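Here the structure is laid out as structure tokens; the discussion comes afterwards.
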Number of protein chains: 2
Amino acid sequence: MKPLALTMGDPAGIGAELTVRAWQALHRNGRCFIALADPRELTGAPIAEVASPDEAAAIFRSALPVLPVRLAATPQPGRPDKANAKPVIASIELAATLCLSKAASGMVTNPINKAALYDAGFAYPGHTEFLAVLTGASGKQIMMLASPHLRVVPVTVHASLRNSIALLSTDAIVAAARTTAAALRHEFGIAQPRLAIAGLNPHAGEQGALGDEETTIIAPAIAQLRAGGIDVTGPWPPDTMFTATARARYDVAICMYHDQALIPLKTLDMDHGVNVTLGLPIVRTSPDHGTAYDIAGKGVADPSSLIAAIELAVSLAERRASAMSNQTP
Amino acid sequence: MKPLALTMGDPAGIGAELTVRAWQALHRNGRCFIALADPRELTGAPIAEVASPDEAAAIFRSALPVLPVRLAATPQPGRPDKANAKPVIASIELAATLCLSKAASGMVTNPINKAALYDAGFAYPGHTEFLAVLTGASGKQIMMLASPHLRVVPVTVHASLRNSIALLSTDAIVAAARTTAAALRHEFGIAQPRLAIAGLNPHAGEQGALGDEETTIIAPAIAQLRAGGIDVTGPWPPDTMFTATARARYDVAICMYHDQALIPLKTLDMDHGVNVTLGLPIVRTSPDHGTAYDIAGKGVADPSSLIAAIELAVSLAERRASAMSNQTP
């Protein structure tokens, strides 16, 4: 299998040190990846500059392979610098290009600071929307967060809580659940995925006494999904659906808003959450944390989430490859 | 110390079997309590009918003391019966009366079904509001949920998510935090309680990009509380404030809505959550579950939460008693 491509992320953040630590953790046993970064920033491990991802496999056990993307300015930890916006963006573009051309089997993105990129023409809420454009995908991208304990998909994501309620629709729930069910089948190896749909309101509305979105928006989505042969249950009272007993009954929770999904995920396991973008033509995962300016450059950043993101990307890429090879005669 | 008073709760629910199991678990070592219930319903333990709570202490080790409150109809597990509404209400009223007269040191309420009580004149959203009226309290009752891992106080409780946002106000946050800080000091034995105030929006609004309630409503509440000498921090991003690392930094999380509080509490520990009503002149706790009609009468209900509620009520009552005795010359 081809290597994964790791983007550099914000040079003022923890991307470079996490990349080195991930290589240290994985170079003996893990699958091969290449860093799309400035080699001068990757300290603490032997580095091997390569001209193509194909060179990476042979050297991965002894050095971290780097496809150079040079920075314009020397980064200061914790101090984002617009002078480096172009190479940060170029690293993402290069990863997508390598994935589309099958030179890389998937991409893992280190955290960026969108505000530091806007002046360089980055006009997207985040990686996901940018990658949708770069890969010509249709705009139905879904964010899944996966940890060893729980998978969650928020139907509404980066909007205020008030706007999240306003944005919620039967169509949005159906689209998110369909994309999720397909991904669980084809990339996660779950033949009959079980989807638990959360309610929006306390006690899932208590028969309308505490809100009617369960009746007017969520129940119709469940009916449509069932009619389409997807195994869905709900709407569940949000506060009791993330207990160990409840989690054993489903493969993914479809959540109505950001914190309904992320509170249980991070409360159960802060360090091993992985962000997976579903609905792209390429494999893309990322660690479930930000640039961490407060600890950047101090060598204390925890690589667990990046390592989990790499491992999940490998697993997803393998299943995609296997599904494709099964399709050939 | 005087015994606690346990109400019967809904006779079609699991109150009676939990009461017997709590006595079985606690009669050798626990503090004394009396059941305000129909003795015919309390099967599986030796029962001693008493005429006054003062008789309970002498017999608690050998029998469950019961101050009889007779039912009007034989209850059917899982089938609420309006014929029993009056004794259910009478049990709550009697517990409050015993607490106010100091014949009981506190009360623990088994779960009720409000719908089954409305025809009998019960016009309250739940126990808390009813007890506020019975005890002549001022209407600033606050619900705290406490488990071994986490204490949470939702500022808004039983309203739709949409209405919870509309109901949120600086005054409501300040009132909830003040009542909570006072209770932690005087009843929980925490000399300098640390309160963590949650944001409302994803990422606590991300400097206004994802909602402005942090700036317009929550930050002013924090400023007022600090000016009043209360140790508060926030507004915190809701998704990362319930990790083990974050929880170690505060004694209670003040949450903006029901599920923001209850999702982490129940996800971390479904069985040992206790509901405590703060701001009443009496001690009142309750288990953190409902009538559980689906398992009523089957002998499988888990008494953990009721036992935890009894133990916490004892602890709160002891601190109240000790605080009062310290005030006498």
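Chain labels run A, B, ... following the order of the structure tokens; each chain numbers its residues from 1, and ligands are numbered from 1 in the order shown.
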
*Per-residue DSSP, range 92-288 of chain B, filtered to strand (DSSP E), as a PyMOL selection string*: chain B and resi 106-108+142-146+151-154+194-198+231-236+252-255+274-278+284-287

Writing out the chosen residues with N, CA and C atoms as a tab-separated table (two decimals), in the first residue's frame:
```
chain	number	residue	atom	x	y	z
B	106	GLY	N	-33.81	14.66	57.11
B	106	GLY	CA	-33.79	14.97	55.69
B	106	GLY	C	-34.75	14.04	54.98
B	107	MET	N	-34.96	14.27	53.70
B	107	MET	CA	-35.86	13.39	52.96
B	107	MET	C	-35.21	12.93	51.66
B	108	VAL	N	-35.56	11.71	51.28
B	108	VAL	CA	-35.11	11.14	50.02
B	108	VAL	C	-36.37	10.71	49.28
B	142	ILE	N	-32.33	24.99	43.18
B	142	ILE	CA	-31.37	24.63	42.16
B	142	ILE	C	-31.20	23.12	42.22
B	143	MET	N	-31.14	22.50	41.06
B	143	MET	CA	-30.90	21.06	41.01
B	143	MET	C	-29.41	20.82	40.83
B	144	MET	N	-28.82	20.07	41.75
B	144	MET	CA	-27.45	19.62	41.55
B	144	MET	C	-27.48	18.12	41.34
B	145	LEU	N	-26.66	17.65	40.41
B	145	LEU	CA	-26.47	16.21	40.30
B	145	LEU	C	-25.04	15.90	40.68
B	146	ALA	N	-24.92	14.92	41.55
B	146	ALA	CA	-23.60	14.61	42.10
B	146	ALA	C	-23.33	13.14	41.94
B	151	ARG	N	-19.79	16.94	39.91
B	151	ARG	CA	-21.02	17.62	40.34
B	151	ARG	C	-21.40	18.61	39.24
B	152	VAL	N	-22.67	18.65	38.89
B	152	VAL	CA	-23.14	19.58	37.87
B	152	VAL	C	-24.41	20.27	38.35
B	153	VAL	N	-24.56	21.52	37.94
B	153	VAL	CA	-25.78	22.28	38.22
B	153	VAL	C	-26.25	22.88	36.90
B	154	PRO	N	-27.36	22.41	36.36
B	154	PRO	CA	-27.89	23.06	35.15
B	154	PRO	C	-28.66	24.32	35.52
B	194	ARG	N	-14.66	25.77	44.12
B	194	ARG	CA	-14.23	26.27	42.81
B	194	ARG	C	-15.33	25.95	41.80
B	195	LEU	N	-15.89	26.96	41.19
B	195	LEU	CA	-16.99	26.77	40.24
B	195	LEU	C	-16.47	26.97	38.82
B	196	ALA	N	-16.73	26.02	37.95
B	196	ALA	CA	-16.38	26.16	36.53
B	196	ALA	C	-17.67	26.46	35.77
B	197	ILE	N	-17.69	27.59	35.08
B	197	ILE	CA	-18.89	28.00	34.35
B	197	ILE	C	-18.73	27.59	32.89
B	198	ALA	N	-19.69	26.83	32.39
B	198	ALA	CA	-19.63	26.37	31.00
B	198	ALA	C	-20.02	27.48	30.05
B	231	ASP	N	-15.13	31.91	43.77
B	231	ASP	CA	-14.06	31.43	42.89
B	231	ASP	C	-14.66	30.78	41.64
B	232	VAL	N	-14.80	31.57	40.59
B	232	VAL	CA	-15.37	31.05	39.34
B	232	VAL	C	-14.38	31.20	38.20
B	233	THR	N	-14.43	30.25	37.27
B	233	THR	CA	-13.66	30.34	36.04
B	233	THR	C	-14.59	30.05	34.87
B	234	GLY	N	-14.18	30.49	33.68
B	234	GLY	CA	-14.99	30.22	32.50
B	234	GLY	C	-15.17	31.50	31.70
B	235	PRO	N	-16.02	31.50	30.71
B	235	PRO	CA	-16.78	30.35	30.22
B	235	PRO	C	-15.89	29.35	29.48
B	236	TRP	N	-16.01	28.08	29.85
B	236	TRP	CA	-15.19	27.02	29.29
B	236	TRP	C	-15.84	26.40	28.06
B	252	VAL	N	-17.50	22.00	41.06
B	252	VAL	CA	-18.83	21.88	40.43
B	252	VAL	C	-18.79	22.60	39.10
B	253	ALA	N	-19.51	22.03	38.13
B	253	ALA	CA	-19.67	22.68	36.83
B	253	ALA	C	-21.06	23.31	36.79
B	254	ILE	N	-21.10	24.61	36.52
B	254	ILE	CA	-22.37	25.30	36.33
B	254	ILE	C	-22.68	25.25	34.84
B	255	CYS	N	-23.74	24.54	34.48
B	255	CYS	CA	-24.02	24.24	33.08
B	255	CYS	C	-25.20	25.06	32.58
B	274	VAL	N	-26.76	11.25	42.06
B	274	VAL	CA	-27.77	11.64	43.04
B	274	VAL	C	-28.22	13.06	42.70
B	275	ASN	N	-29.52	13.26	42.78
B	275	ASN	CA	-30.11	14.58	42.57
B	275	ASN	C	-30.27	15.25	43.93
B	276	VAL	N	-29.71	16.42	44.08
B	276	VAL	CA	-29.80	17.16	45.35
B	276	VAL	C	-30.50	18.48	45.07
B	277	THR	N	-31.52	18.80	45.85
B	277	THR	CA	-32.15	20.11	45.70
B	277	THR	C	-31.48	21.09	46.65
B	278	LEU	N	-30.84	22.10	46.07
B	278	LEU	CA	-30.21	23.14	46.87
B	278	LEU	C	-31.19	24.31	47.01
B	284	ARG	N	-32.90	17.45	50.91
B	284	ARG	CA	-33.65	16.56	50.03
B	284	ARG	C	-32.76	16.05	48.90
B	285	THR	N	-32.68	14.76	48.81
B	285	THR	CA	-31.97	14.14	47.69
B	285	THR	C	-32.91	13.14	47.02
B	286	SER	N	-32.52	12.68	45.85
B	286	SER	CA	-33.29	11.63	45.19
B	286	SER	C	-32.40	10.88	44.23
B	287	PRO	N	-32.77	9.63	43.94
B	287	PRO	CA	-31.99	8.91	42.93
B	287	PRO	C	-32.17	9.57	41.57
```

Counting only C-alpha atoms, which residues in chain A sit no more than 10 Å from chain B? For each one, give the nearest pair of atoms and the distance in Å, sorted by chain then residue number, as CSV.
```
residue,atom,partner,partner_atom,distance
A:Val157,CA,B:Pro202,CA,8.2
A:His158,CA,B:Leu210,CA,6.8
A:Ala159,CA,B:Leu210,CA,5.2
A:Ser160,CA,B:Leu210,CA,4.4
A:Leu161,CA,B:Asn201,CA,5.2
A:Arg162,CA,B:Arg162,CA,7.0
A:Asn163,CA,B:Gly211,CA,8.4
A:Ser164,CA,B:Asn201,CA,9.6
A:Ile165,CA,B:Arg162,CA,7.2
A:Ala166,CA,B:Arg162,CA,9.2
A:Leu200,CA,B:Leu161,CA,7.1
A:Asn201,CA,B:Leu161,CA,5.2
A:Pro202,CA,B:Asp259,CA,6.2
A:His203,CA,B:Asp259,CA,8.8
A:Ala204,CA,B:Ser160,CA,9.1
A:Gly205,CA,B:Ser160,CA,6.8
A:Glu206,CA,B:Ser160,CA,9.6
A:Gly208,CA,B:Ser160,CA,9.0
A:Ala209,CA,B:Ser160,CA,8.0
A:Leu210,CA,B:Ser160,CA,4.4
A:Gly211,CA,B:Ser160,CA,4.6
A:Asp212,CA,B:Ser160,CA,8.2
A:Glu213,CA,B:Ser160,CA,9.2
A:Pro237,CA,B:Asp259,CA,9.2
A:Pro238,CA,B:Asp259,CA,6.7
A:Asp239,CA,B:Ile263,CA,4.2
A:Thr240,CA,B:Lys266,CA,6.3
A:Met241,CA,B:Thr267,CA,8.0
A:Phe242,CA,B:Thr267,CA,5.3
A:Thr243,CA,B:Thr267,CA,4.7
A:Ala244,CA,B:Thr267,CA,7.5
A:Thr245,CA,B:Met270,CA,9.3
A:Ala246,CA,B:Thr267,CA,9.7
A:Arg247,CA,B:Thr267,CA,9.8
A:Tyr257,CA,B:Pro202,CA,8.8
A:His258,CA,B:Pro202,CA,6.3
A:Asp259,CA,B:Asp239,CA,5.7
A:Gln260,CA,B:Gln260,CA,7.5
A:Ala261,CA,B:Asp239,CA,8.6
A:Leu262,CA,B:Asp239,CA,5.4
A:Ile263,CA,B:Asp239,CA,4.2
A:Pro264,CA,B:Pro264,CA,6.0
A:Leu265,CA,B:Asp239,CA,8.3
A:Lys266,CA,B:Thr240,CA,6.3
A:Thr267,CA,B:Thr243,CA,4.7
A:Leu268,CA,B:Leu268,CA,7.2
A:Asp269,CA,B:Thr243,CA,7.6
A:Met270,CA,B:Thr243,CA,6.5
A:Asp271,CA,B:Thr243,CA,9.8
```

*Surrounding residues of range 127-135 of chain A excluding itself and chain neighbours under 3 positions, 8 Å, only C-alpha atoms, as a ChimeraX atom specification*: /A:93,96,100,124,138-139,141,277,280-282

Written selection (N, CA and C atoms) as a compact mmCIF listing (two decimals), in the first residue's frame:
```
# COMPACT_ATOMS: atom_id res chain seq x y z
N GLU A 93 -2.80 21.11 -0.12
CA GLU A 93 -3.08 20.89 -1.55
C GLU A 93 -2.26 19.71 -2.09
N ALA A 96 -3.70 16.39 -0.94
CA ALA A 96 -4.90 16.02 -1.70
C ALA A 96 -4.54 15.53 -3.10
N LEU A 100 -5.41 11.95 -4.70
CA LEU A 100 -6.22 11.81 -5.92
C LEU A 100 -5.48 11.02 -6.99
N TYR A 124 -12.20 29.08 3.73
CA TYR A 124 -13.02 27.93 4.12
C TYR A 124 -13.13 27.86 5.64
N SER A 138 -18.94 16.54 -3.60
CA SER A 138 -20.25 17.14 -3.82
C SER A 138 -20.73 18.07 -2.72
N GLY A 139 -20.03 18.17 -1.61
CA GLY A 139 -20.51 19.06 -0.56
C GLY A 139 -21.33 18.37 0.50
N GLN A 141 -20.02 16.46 2.85
CA GLN A 141 -19.05 15.92 3.79
C GLN A 141 -19.63 15.90 5.20
N THR A 277 -13.19 12.58 7.99
CA THR A 277 -14.12 13.21 7.05
C THR A 277 -14.73 12.14 6.16
N LEU A 280 -15.76 12.14 1.24
CA LEU A 280 -14.73 12.60 0.30
C LEU A 280 -14.31 11.42 -0.57
N PRO A 281 -13.78 11.70 -1.77
CA PRO A 281 -13.27 10.59 -2.59
C PRO A 281 -11.92 10.06 -2.09
N ILE A 282 -11.36 10.70 -1.08
CA ILE A 282 -10.08 10.26 -0.53
C ILE A 282 -10.23 9.99 0.97
```

*How far is it from CA of Pro46 in chain B to CA of Ala63 in chain B, in Å with one decimal?*
4.8 Å

_Backbone DSSP call of helix (DSSP H, G or I) for range 60-132 of chain A, listed as a ChimeraX atom specification_ = /A:82-100,114-116,118-120,127-132

Can you spit out the residues from that selection as a PDB file, in the first residue's frame, using C-alpha atoms?
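Below you can see out-v8.pdb, which holds the result:
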```pdb
ATOM      1  CA  LYS A  82       0.783  34.994   8.053  1.00  0.00           C
ATOM      2  CA  ALA A  83       4.067  34.850   6.139  1.00  0.00           C
ATOM      3  CA  ASN A  84       3.793  31.043   6.309  1.00  0.00           C
ATOM      4  CA  ALA A  85       0.182  30.841   5.141  1.00  0.00           C
ATOM      5  CA  LYS A  86       1.079  29.797   1.596  1.00  0.00           C
ATOM      6  CA  PRO A  87       3.247  26.789   2.513  1.00  0.00           C
ATOM      7  CA  VAL A  88       0.608  25.655   5.061  1.00  0.00           C
ATOM      8  CA  ILE A  89      -2.012  25.707   2.316  1.00  0.00           C
ATOM      9  CA  ALA A  90       0.400  24.151  -0.197  1.00  0.00           C
ATOM     10  CA  SER A  91       0.968  21.219   2.137  1.00  0.00           C
ATOM     11  CA  ILE A  92      -2.771  20.493   2.220  1.00  0.00           C
ATOM     12  CA  GLU A  93      -3.085  20.886  -1.552  1.00  0.00           C
ATOM     13  CA  LEU A  94      -0.149  18.579  -2.142  1.00  0.00           C
ATOM     14  CA  ALA A  95      -1.587  15.907   0.136  1.00  0.00           C
ATOM     15  CA  ALA A  96      -4.903  16.021  -1.701  1.00  0.00           C
ATOM     16  CA  THR A  97      -3.156  15.832  -5.064  1.00  0.00           C
ATOM     17  CA  LEU A  98      -1.111  12.819  -3.965  1.00  0.00           C
ATOM     18  CA  CYS A  99      -4.273  11.075  -2.733  1.00  0.00           C
ATOM     19  CA  LEU A 100      -6.223  11.814  -5.918  1.00  0.00           C
ATOM     20  CA  LYS A 114      -7.770  29.364   9.911  1.00  0.00           C
ATOM     21  CA  ALA A 115      -7.427  32.992  10.951  1.00  0.00           C
ATOM     22  CA  ALA A 116      -3.747  32.929   9.982  1.00  0.00           C
ATOM     23  CA  TYR A 118      -7.504  33.972   5.507  1.00  0.00           C
ATOM     24  CA  ASP A 119      -5.235  36.705   4.119  1.00  0.00           C
ATOM     25  CA  ALA A 120      -3.608  34.178   1.809  1.00  0.00           C
ATOM     26  CA  HIS A 127      -9.925  21.549   6.219  1.00  0.00           C
ATOM     27  CA  THR A 128     -13.102  19.693   5.352  1.00  0.00           C
ATOM     28  CA  GLU A 129     -14.616  22.322   3.094  1.00  0.00           C
ATOM     29  CA  PHE A 130     -11.236  23.025   1.466  1.00  0.00           C
ATOM     30  CA  LEU A 131     -10.720  19.348   0.704  1.00  0.00           C
ATOM     31  CA  ALA A 132     -14.221  19.057  -0.697  1.00  0.00           C
TER      32      ALA A 132
END
```

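Take the candidates A:Ser322, A:Ser101, A:Ala221, A:Asp10 and check each one against Leu168 in chain A using only C-alpha atoms; the shortest distance goes to A:Ala221.
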
_I'd like the contact shell of Leu64 in chain A - 9 Å cut-off, only C-alpha atoms, skipping same-chain residues fewer than 5 positions apart - returned as a count of residues only._
16

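Taking only C-alpha atoms into account, Pro77 in chain B lies nearest to B:Gly13 out of the set B:Gly13, B:Gly199, B:Gly228, B:Gly189.
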
*asked:* Please list as a count of residues only every residue within 12 Å of Ala292 in chain A, counting only C-alpha atoms and excluding residues in the same chain fewer than 3 positions away.
replied: 28

*Can you pull out every residue within 7 Å of Leu316 in chain A, counting only C-alpha atoms, but drop anything in the same chain fewer than 2 positions away, and send it as number ranges by chain?*
A: 187-188, 283, 312-314, 318-320

*What separation in Å, quoted to one decimal, exists between CA of Ile218 in chain A and CA of Asp251 in chain A?*
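Atom-to-atom, CA of Ile218 in chain A to CA of Asp251 in chain A, that is 18.8 Å.
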
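With CA of Ala183 in chain A on one side and CA of Ala317 in chain A on the other, the separation reads 11.8 Å.
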
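Nearest-residue note for Ala57 in chain A: choosing from A:Cys32, A:Thr109, A:Ala248, A:Met1, the minimum distance belongs to A:Cys32, counting only C-alpha atoms.
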
_Shortest interatomic distance to Val155 in chain A - which of A:Ala73, A:Ala219, A:Met256, A:Leu225, counting only C-alpha atoms_ =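 With only C-alpha atoms as the atom set, the closest residue is A:Met256.
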
*When distances are computed from only C-alpha atoms, which of B:Gly30, B:Pro148, B:Pro39, B:Pro193 shows the smallest separation from Met8 in chain B?*
B:Pro39
